[in-house]
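Here's structure.csv, which has CSV, C-alpha atoms and all ligand atoms:
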chain,number,residue,atom,x,y,z
A,5,MET,CA,70.1,163.7,136.7
A,6,PRO,CA,66.7,163.6,138.3
A,7,ASN,CA,64.9,161.9,135.4
A,8,ALA,CA,67.7,159.7,133.8
A,9,GLN,CA,66.0,156.5,134.9
A,10,PRO,CA,62.4,157.4,133.7
A,11,SER,CA,63.8,158.5,130.4
A,12,ILE,CA,65.5,155.1,129.9
A,13,THR,CA,62.1,153.4,130.7
A,14,ALA,CA,60.3,155.8,128.3
A,15,ARG,CA,62.8,154.9,125.5
A,16,ASN,CA,62.3,151.2,126.2
A,17,VAL,CA,58.5,151.7,126.1
A,18,ALA,CA,58.8,153.4,122.7
A,19,THR,CA,61.0,150.7,121.3
A,20,ALA,CA,58.8,147.9,122.5
A,21,VAL,CA,55.5,149.5,121.5
A,22,THR,CA,56.8,150.3,118.0
A,23,ALA,CA,58.1,146.7,117.5
A,24,ALA,CA,54.7,145.3,118.7
A,25,TRP,CA,52.6,147.7,116.6
A,26,GLN,CA,54.7,147.1,113.4
A,27,ARG,CA,54.7,143.3,113.9
A,28,THR,CA,51.0,143.0,114.5
A,29,SER,CA,49.2,145.8,112.8
A,30,ASN,CA,47.8,145.5,109.2
A,31,ASN,CA,48.2,149.3,109.0
A,32,PRO,CA,51.6,150.0,110.6
A,33,SER,CA,51.9,153.5,109.3
A,34,THR,CA,48.9,154.7,111.4
A,35,LEU,CA,50.2,156.6,114.4
A,36,GLU,CA,47.0,157.6,116.1
A,37,ILE,CA,46.2,154.1,117.4
A,38,PRO,CA,49.5,153.1,119.0
A,39,LEU,CA,49.9,156.6,120.4
A,40,GLY,CA,46.3,156.7,121.6
A,41,THR,CA,46.6,153.3,123.1
A,42,VAL,CA,49.7,154.2,125.1
A,43,ALA,CA,48.1,157.5,126.2
A,44,THR,CA,45.0,155.7,127.3
A,45,LEU,CA,47.0,153.1,129.3
A,46,ALA,CA,48.8,156.1,131.1
A,47,LEU,CA,45.5,157.7,132.0
A,48,HIS,CA,43.9,154.4,133.0
A,49,THR,CA,46.8,153.7,135.3
A,50,GLN,CA,46.4,157.2,136.9
A,51,ILE,CA,42.7,156.6,137.5
A,52,ASN,CA,42.9,152.9,138.6
A,53,GLY,CA,46.4,152.5,140.0
A,54,ARG,CA,49.1,150.2,138.7
A,55,SER,CA,48.5,146.5,138.2
A,56,GLU,CA,51.0,144.1,139.8
A,57,HIS,CA,50.1,141.5,137.1
A,58,SER,CA,52.9,140.5,134.7
A,59,THR,CA,50.5,141.1,131.8
A,60,CYS,CA,48.4,144.1,131.1
A,61,PRO,CA,44.9,143.5,132.5
A,62,LEU,CA,43.3,145.7,129.8
A,63,GLY,CA,44.9,143.4,127.2
A,64,GLN,CA,43.1,140.4,128.7
A,65,LEU,CA,39.6,141.9,128.0
A,66,ASP,CA,37.5,140.7,125.1
A,67,ARG,CA,37.0,143.0,122.2
A,68,THR,CA,33.8,144.7,123.5
A,69,ASP,CA,35.1,145.2,127.0
A,70,LEU,CA,38.5,146.4,125.8
A,71,LEU,CA,37.1,149.1,123.5
A,72,ARG,CA,34.6,150.1,126.2
A,73,ALA,CA,37.4,150.4,128.9
A,74,LEU,CA,39.5,152.5,126.6
A,75,THR,CA,36.5,154.8,125.7
A,76,GLU,CA,35.5,155.1,129.4
A,77,THR,CA,39.0,156.1,130.4
A,78,TRP,CA,38.7,159.2,128.2
A,79,ALA,CA,35.1,159.8,129.3
A,80,ARG,CA,36.2,159.8,133.0
A,81,THR,CA,39.2,162.0,132.2
A,82,TRP,CA,36.9,164.4,130.3
A,83,LEU,CA,35.0,165.1,133.6
A,84,ASP,CA,38.1,166.8,135.1
A,85,HIS,CA,40.0,167.9,131.9
A,86,PRO,CA,37.4,168.6,129.2
A,87,TYR,CA,39.6,171.1,127.3
A,88,LEU,CA,42.7,168.9,127.2
A,89,VAL,CA,40.7,165.8,126.3
A,90,GLN,CA,39.2,167.8,123.4
A,91,ILE,CA,42.7,168.8,122.2
A,92,ALA,CA,43.8,165.2,122.5
A,93,SER,CA,41.0,164.0,120.3
A,94,PRO,CA,43.2,162.6,117.5
A,95,LEU,CA,44.4,160.1,120.1
A,96,HIS,CA,40.9,158.8,120.9
A,97,ARG,CA,38.6,159.8,118.1
A,98,TRP,CA,39.2,156.4,116.4
A,99,LEU,CA,37.4,154.8,119.4
A,100,ASP,CA,34.1,156.7,118.6
A,101,ALA,CA,33.3,154.3,115.7
A,102,ASP,CA,34.3,151.0,117.4
A,103,ALA,CA,32.6,149.0,114.7
A,104,ASP,CA,35.3,150.3,112.3
A,105,VAL,CA,38.1,149.0,114.5
A,106,SER,CA,39.0,145.7,112.8
A,107,ASP,CA,39.8,142.5,114.8
A,108,GLU,CA,43.4,142.7,113.5
A,109,THR,CA,43.6,146.2,115.0
A,110,VAL,CA,42.2,145.0,118.3
A,111,ARG,CA,44.9,142.3,118.3
A,112,ALA,CA,47.5,145.0,117.6
A,113,ILE,CA,46.1,147.2,120.4
A,114,ARG,CA,46.5,144.2,122.8
A,115,ALA,CA,50.1,143.8,121.7
A,116,VAL,CA,50.8,147.5,122.2
A,117,LEU,CA,49.2,147.4,125.7
A,118,ASP,CA,51.3,144.3,126.7
A,119,ALA,CA,54.5,145.8,125.3
A,120,ALA,CA,54.0,149.2,127.1
A,121,HIS,CA,53.1,147.3,130.3
A,122,HIS,CA,56.1,145.0,130.2
A,123,ALA,CA,58.5,147.9,129.4
A,124,GLY,CA,57.3,149.8,132.4
A,125,LEU,CA,55.0,152.6,131.3
A,126,PRO,CA,52.7,152.2,134.4
A,127,ARG,CA,55.8,152.9,136.6
A,128,LEU,CA,56.2,156.3,134.9
A,129,VAL,CA,52.7,157.4,135.7
A,130,ASP,CA,51.2,155.4,138.6
A,131,ARG,CA,51.8,157.9,141.4
A,132,PRO,CA,50.6,161.1,139.9
A,133,HIS,CA,53.1,163.9,140.4
A,134,SER,CA,55.5,162.0,142.7
A,135,VAL,CA,57.4,160.5,139.8
A,136,PRO,CA,59.2,162.8,137.4
A,137,ALA,CA,57.3,163.9,134.3
A,138,VAL,CA,58.8,162.2,131.3
A,139,ASP,CA,57.7,162.5,127.6
A,140,ALA,CA,57.0,158.9,126.8
A,141,LEU,CA,54.7,159.9,123.9
A,142,GLY,CA,57.5,162.1,122.5
A,143,PHE,CA,59.9,159.1,122.4
A,144,LEU,CA,57.1,157.0,120.9
A,145,VAL,CA,56.2,159.4,118.1
A,146,THR,CA,59.9,159.7,117.2
A,147,GLU,CA,60.3,155.9,117.1
A,148,LEU,CA,57.0,155.4,115.1
A,149,ARG,CA,57.7,158.0,112.4
A,150,PRO,CA,60.0,157.1,109.5
A,151,ALA,CA,63.3,159.0,109.7
A,152,ARG,CA,62.5,160.9,106.5
A,153,ALA,CA,59.3,162.2,108.0
A,154,LEU,CA,61.1,163.3,111.1
A,155,GLN,CA,63.6,165.2,109.0
A,156,HIS,CA,60.8,166.9,107.0
A,157,LEU,CA,58.9,167.9,110.1
A,158,GLY,CA,62.0,169.0,112.0
A,159,GLU,CA,60.7,166.8,114.8
A,160,PHE,CA,63.9,166.2,116.9
A,161,TYR,CA,63.2,166.7,120.6
A,162,THR,CA,65.6,168.0,123.2
A,163,PRO,CA,66.9,165.0,125.2
A,164,PRO,CA,65.5,165.1,128.7
A,165,GLU,CA,68.9,165.0,130.3
A,166,VAL,CA,69.8,168.2,128.4
A,167,ALA,CA,66.4,169.8,129.2
A,168,ASP,CA,67.0,169.1,132.9
A,169,VAL,CA,70.3,170.9,132.8
A,170,MET,CA,68.7,173.9,131.0
A,171,ALA,CA,65.8,174.0,133.5
A,172,ALA,CA,68.2,174.0,136.5
A,173,LEU,CA,70.4,176.8,134.9
A,174,THR,CA,67.5,179.0,133.9
A,175,MET,CA,65.5,178.4,137.1
A,176,PRO,CA,67.8,178.6,140.2
A,177,GLU,CA,64.9,179.4,142.4
A,178,LEU,CA,61.2,178.7,142.5
A,179,PRO,CA,59.4,181.3,140.2
A,180,SER,CA,56.5,183.3,141.6
A,181,PRO,CA,53.2,181.5,141.1
A,182,GLY,CA,51.3,182.7,138.0
A,183,ARG,CA,54.3,182.9,135.8
A,184,LEU,CA,53.7,181.7,132.2
A,185,PHE,CA,55.8,179.0,130.6
A,186,ALA,CA,55.5,178.8,126.8
A,187,ASP,CA,57.0,176.8,124.0
A,188,PRO,CA,55.9,178.0,120.5
A,189,THR,CA,57.4,174.8,118.9
A,190,ALA,CA,56.5,172.5,121.7
A,191,GLY,CA,56.4,169.2,119.9
A,192,THR,CA,54.9,166.8,122.5
A,193,GLY,CA,55.9,169.1,125.3
A,194,GLY,CA,59.1,167.4,126.4
A,195,LEU,CA,61.0,170.6,127.1
A,196,LEU,CA,58.3,171.7,129.5
A,197,ALA,CA,58.5,168.3,131.4
A,198,ALA,CA,61.9,169.4,132.6
A,199,THR,CA,60.4,172.7,133.8
A,200,VAL,CA,57.7,170.7,135.6
A,201,ASN,CA,60.3,168.5,137.3
A,202,ARG,CA,62.4,171.6,138.3
A,203,ILE,CA,59.3,173.3,139.8
A,204,ARG,CA,58.5,170.2,141.9
A,205,ALA,CA,62.1,169.8,142.9
A,206,LEU,CA,62.0,173.3,144.3
A,207,GLY,CA,58.9,172.5,146.3
A,208,GLY,CA,56.4,174.2,143.9
A,209,ASP,CA,53.2,172.9,142.2
A,210,PRO,CA,53.1,173.2,138.3
A,211,ALA,CA,49.4,173.7,138.6
A,212,HIS,CA,50.1,177.2,140.1
A,213,TYR,CA,51.7,178.4,136.8
A,214,GLY,CA,50.5,179.1,133.3
A,215,TRP,CA,51.4,176.8,130.3
A,216,GLU,CA,51.2,177.4,126.6
A,217,LEU,CA,52.2,174.8,124.1
A,218,VAL,CA,51.9,175.3,120.4
A,219,ASP,CA,53.0,173.2,117.5
A,220,ILE,CA,52.3,173.0,113.8
A,221,ASN,CA,51.6,169.2,113.9
A,222,HIS,CA,48.2,168.2,115.1
A,223,LEU,CA,49.3,164.8,116.4
A,224,SER,CA,52.1,166.3,118.4
A,225,VAL,CA,49.7,168.8,119.9
A,226,ALA,CA,47.3,166.0,120.9
A,227,CYS,CA,50.2,164.2,122.6
A,228,ALA,CA,51.2,167.4,124.4
A,229,ALA,CA,47.6,167.7,125.7
A,230,ALA,CA,47.6,164.1,127.0
A,231,ASN,CA,51.0,164.8,128.6
A,232,ALA,CA,49.6,167.9,130.3
A,233,ILE,CA,47.0,165.7,132.0
A,234,VAL,CA,49.4,163.1,133.0
A,235,TRP,CA,51.9,165.6,134.3
A,236,GLY,CA,49.3,167.6,136.3
A,237,LEU,CA,49.9,171.0,134.7
A,238,GLY,CA,46.6,172.3,136.0
A,239,ASP,CA,43.9,174.5,134.5
A,240,HIS,CA,45.9,177.4,133.3
A,241,MET,CA,46.6,175.7,130.0
A,242,LEU,CA,46.5,176.6,126.4
A,243,VAL,CA,47.5,173.9,123.8
A,244,TYR,CA,46.9,174.5,120.2
A,245,ARG,CA,47.9,173.7,116.6
A,246,ALA,CA,49.3,176.7,114.7
A,247,ASP,CA,52.1,177.8,112.5
A,248,SER,CA,53.9,180.1,115.0
A,249,LEU,CA,55.6,182.0,112.2
A,250,ALA,CA,52.4,182.7,110.2
A,251,PRO,CA,50.5,186.0,110.7
A,252,GLY,CA,47.2,186.0,112.5
A,253,ASP,CA,46.0,185.9,116.1
A,254,HIS,CA,46.2,182.1,116.7
A,255,ARG,CA,46.3,182.6,120.4
A,256,ALA,CA,43.0,184.5,120.5
A,257,ASP,CA,41.3,181.7,118.4
A,258,ALA,CA,42.6,179.2,120.9
A,259,VAL,CA,41.3,181.1,123.9
A,260,THR,CA,37.9,181.3,122.2
A,261,MET,CA,37.9,177.6,121.5
A,262,ARG,CA,38.9,176.8,125.1
A,263,ALA,CA,36.0,179.0,126.5
A,264,GLN,CA,33.5,177.2,124.2
A,265,VAL,CA,34.7,173.7,125.3
A,266,LEU,CA,34.5,174.7,129.0
A,267,GLU,CA,31.0,176.2,128.5
A,268,HIS,CA,29.8,173.0,126.8
A,269,HIS,CA,31.3,170.9,129.7
A,270,ARG,CA,29.5,173.1,132.3
A,271,THR,CA,26.2,172.6,130.4
A,272,VAL,CA,26.6,168.9,130.1
A,273,VAL,CA,27.6,168.4,133.7
A,274,ARG,CA,24.7,170.6,135.0
A,275,ALA,CA,22.2,168.6,132.8
A,276,ALA,CA,23.6,165.3,134.1
A,277,ARG,CA,23.4,166.3,137.7
A,278,LEU,CA,19.9,167.5,137.2
A,279,ALA,CA,18.9,164.2,135.5
A,280,ALA,CA,20.5,162.3,138.4
A,281,LEU,CA,18.5,164.3,140.9
A,282,LEU,CA,15.2,163.9,139.0
A,283,THR,CA,15.8,160.2,138.8
A,284,LEU,CA,16.2,160.1,142.6
A,285,ARG,CA,13.0,162.1,143.0
A,286,THR,CA,10.9,159.9,140.7
A,287,GLN,CA,12.3,156.8,142.5
A,288,GLY,CA,10.9,158.3,145.7
A,289,ASP,CA,14.2,158.9,147.4
A,290,VAL,CA,13.0,161.6,149.8
A,291,SER,CA,16.5,161.9,151.3
A,292,ALA,CA,17.7,163.9,148.3
A,293,PRO,CA,18.0,167.3,149.9
A,294,ALA,CA,16.5,170.3,148.3
A,295,THR,CA,19.8,172.1,148.7
A,296,ALA,CA,21.5,169.6,146.4
A,297,PHE,CA,18.8,170.1,143.8
A,298,ALA,CA,19.3,173.8,144.0
A,299,ALA,CA,23.0,173.4,143.7
A,300,ALA,CA,22.5,171.2,140.6
A,301,VAL,CA,20.6,173.8,138.7
A,302,SER,CA,22.5,176.8,139.9
A,401,LIG,C1,63.1,170.5,117.1
A,401,LIG,S1,61.4,170.1,117.7
A,401,LIG,C2,61.5,170.9,119.3
A,401,LIG,C3,60.4,170.3,120.2
A,401,LIG,C4,60.5,170.8,121.7
A,401,LIG,N1,60.5,172.3,121.7
A,401,LIG,C5,61.8,170.3,122.3
A,401,LIG,O1,62.8,171.1,122.4
A,401,LIG,O2,61.9,169.1,122.6
A,401,LIG,C6,60.6,171.3,116.7
A,401,LIG,C7,59.1,171.3,116.7
A,401,LIG,O3,58.7,172.5,116.0
A,401,LIG,C8,57.5,172.3,115.3
A,401,LIG,N2,57.4,173.3,114.3
A,401,LIG,C9,58.2,173.5,113.2
A,401,LIG,N3,57.8,174.6,112.5
A,401,LIG,C10,56.8,175.1,113.2
A,401,LIG,C11,56.0,176.3,113.1
A,401,LIG,N4,56.2,177.1,112.0
A,401,LIG,N5,55.1,176.6,114.0
A,401,LIG,C12,54.9,175.8,115.1
A,401,LIG,N6,55.6,174.6,115.3
A,401,LIG,C13,56.6,174.3,114.4
A,401,LIG,C14,57.7,170.8,114.7
A,401,LIG,O4,56.5,170.2,114.4
A,401,LIG,C15,58.5,170.2,115.9
A,401,LIG,O5,57.6,169.5,116.8

Please render this file's structure as structure tokens.
Amino acid sequence: MPNAQPSITARNVATAVTAAWQRTSNNPSTLEIPLGTVATLALHTQINGRSEHSTCPLGQLDRTDLLRALTETWARTWLDHPYLVQIASPLHRWLDADADVSDETVRAIRAVLDAAHHAGLPRLVDRPHSVPAVDALGFLVTELRPARALQHLGEFYTPPEVADVMAALTMPELPSPGRLFADPTAGTGGLLAATVNRIRALGGDPAHYGWELVDINHLSVACAAANAIVWGLGDHMLVYRADSLAPGDHRADAVTMRAQVLEHHRTVVRAARLAALLTLRTQGDVSAPATAFAAAVS
């Protein structure tokens, strides 16, 4: 089984994080903060590499630096993945008003970071795309939600070991690039993790394929978007919340929304590059080549 070991680690992360959150939080039924903290640690590890320390370095920061580091992780990720960061916003929106994050919650965030670090989350994500994709957020959402809520939501995910077998059986050879893989009841995307691993095992690159993940639950959709970044699914992505059984062209709405987010990103990045070049000019840095200026405004 190619990802038996990572899935054991992911289960351990979910158990440890849930225990830490429920032991320390004054609002243990909130899911966004523990899920968002674990997603942020995964992205932070991908950006900065894995720490060899026995404790999580982020967890050692004081309140101001910790909340800033978490926020900056999403800001840096936004530069490369604006659409997925937007879809994942339930996982990081609570960081926007950091004054509203109580000191008790900061302590609980530290406990979650340490628990995830100890249980091995960084090992699951530290070498992007050379470790098997595993749905750590899916295990965590299942562990955090009360059993009755899971039943009500029908939120029982296909075990990765089963998904691996299904992927191997349905994909004996590498599919042609450009093929679309879709899951209209994707949950946090775990079934597609097996597809990602199968494509890589066959020598392919998941970024050369199209991916569509839909779910009725906004938090599951946010986790699927974060997973898509961590797993390197590329730019041909559509992730959205919809009732897949309800009438209406949900896909068209999602395509429009993605185009708006990407246009906004282009505008902001162009303005930022222009501002940087103007700053260089006003500081008298004559080495800034005219061609770079032209590129910035093009
Ligand atoms: C059994 S889970 C399967 C998740 C994933 N496909 C897997 O195999 O691991 C079912 C998912 O369907 C979602 N769901 C249920 N009804 C839905 C609907 N009408 N439209 C979209 N998603 C729905 C639930 O939120 C849940 O995440």

Smallest atom-to-atom distance to Leu173 in chain A: which of A:His269, A:Arg202, A:Ala263, A:Leu196, using all atoms listed in the file?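 The shortest atom-to-atom distance to Leu173 in chain A comes from A:Arg202.
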
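Nearest-residue note for ligand LIG 401 (chain A): choosing from A:Tyr87, A:Trp82, A:Phe160, A:Tyr213, the minimum distance belongs to A:Phe160, counting all atoms listed in the file.
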
Kindly provide, as a PDB file with C-alpha atoms, in the frame of the given file, all nucleotide and amino acid residues lying within 6 Å of ligand LIG 401 (chain A), counting only C-alpha atoms and all ligand atoms.
ATOM      1  CA  LEU A 157      58.900 167.900 110.100  1.00  0.00           C
ATOM      2  CA  GLY A 158      62.000 169.000 112.000  1.00  0.00           C
ATOM      3  CA  GLU A 159      60.700 166.800 114.800  1.00  0.00           C
ATOM      4  CA  PHE A 160      63.900 166.200 116.900  1.00  0.00           C
ATOM      5  CA  TYR A 161      63.200 166.700 120.600  1.00  0.00           C
ATOM      6  CA  THR A 162      65.600 168.000 123.200  1.00  0.00           C
ATOM      7  CA  PRO A 188      55.900 178.000 120.500  1.00  0.00           C
ATOM      8  CA  THR A 189      57.400 174.800 118.900  1.00  0.00           C
ATOM      9  CA  ALA A 190      56.500 172.500 121.700  1.00  0.00           C
ATOM     10  CA  GLY A 191      56.400 169.200 119.900  1.00  0.00           C
ATOM     11  CA  GLY A 194      59.100 167.400 126.400  1.00  0.00           C
ATOM     12  CA  LEU A 195      61.000 170.600 127.100  1.00  0.00           C
ATOM     13  CA  ASP A 219      53.000 173.200 117.500  1.00  0.00           C
ATOM     14  CA  ILE A 220      52.300 173.000 113.800  1.00  0.00           C
ATOM     15  CA  ASN A 221      51.600 169.200 113.900  1.00  0.00           C
ATOM     16  CA  ALA A 246      49.300 176.700 114.700  1.00  0.00           C
ATOM     17  CA  ASP A 247      52.100 177.800 112.500  1.00  0.00           C
ATOM     18  CA  SER A 248      53.900 180.100 115.000  1.00  0.00           C
ATOM     19  CA  LEU A 249      55.600 182.000 112.200  1.00  0.00           C
TER      20      LEU A 249
END

For Thr41 in chain A, work out the shell of residues within 9 Å, counting only C-alpha atoms and skipping chain neighbours fewer than 6 positions away, then give it as a ChimeraX atom specification. /A:74,95-96,113,116-117

If you count all atoms listed in the file, which residues fall within 10 Å of Pro10 in chain A, apart from same-chain ones fewer than 2 positions away, as a list in words?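 That gives Pro6, Asn7, Ala8, Ile12, Thr13, Ala14, Arg15, Asn16, Gly124, Leu125, Arg127, Leu128, Val129, Val135, Pro136, Ala137, Val138, Asp139, Ala140 and Pro164 of chain A.
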
Just checking: using all atoms listed in the file, which residue out of A:His212, A:His156, A:Arg245, A:His57 ends up closest to Val225 in chain A? A:Arg245

Which one of A:Pro86, A:Gln26, A:Glu56, A:Ser11 sits closest to Val273 in chain A if you count all atoms listed in the file?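 Smallest distance to Val273 in chain A is found for A:Pro86.
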
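Comparing the minimum interatomic distances between Ile51 in chain A and each of A:Ser180, A:Thr34, A:Thr81, A:Thr75, counting only C-alpha atoms, we find that A:Thr81 sits nearest.
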
CA of Trp215 in chain A to CA of Arg262 in chain A: how many Å, to one decimal?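 Atom-to-atom, CA of Trp215 in chain A and CA of Arg262 in chain A are spaced 13.5 Å apart.
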
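Residue nearest Asp257 in chain A within the list A:Val200, A:Leu184, A:Gln90, A:Leu242: A:Leu242 [criterion: smallest interatomic distance, all atoms listed in the file].
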
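Across the model, the gap from CA of Val259 in chain A to CA of Asp168 in chain A is 29.8 Å.
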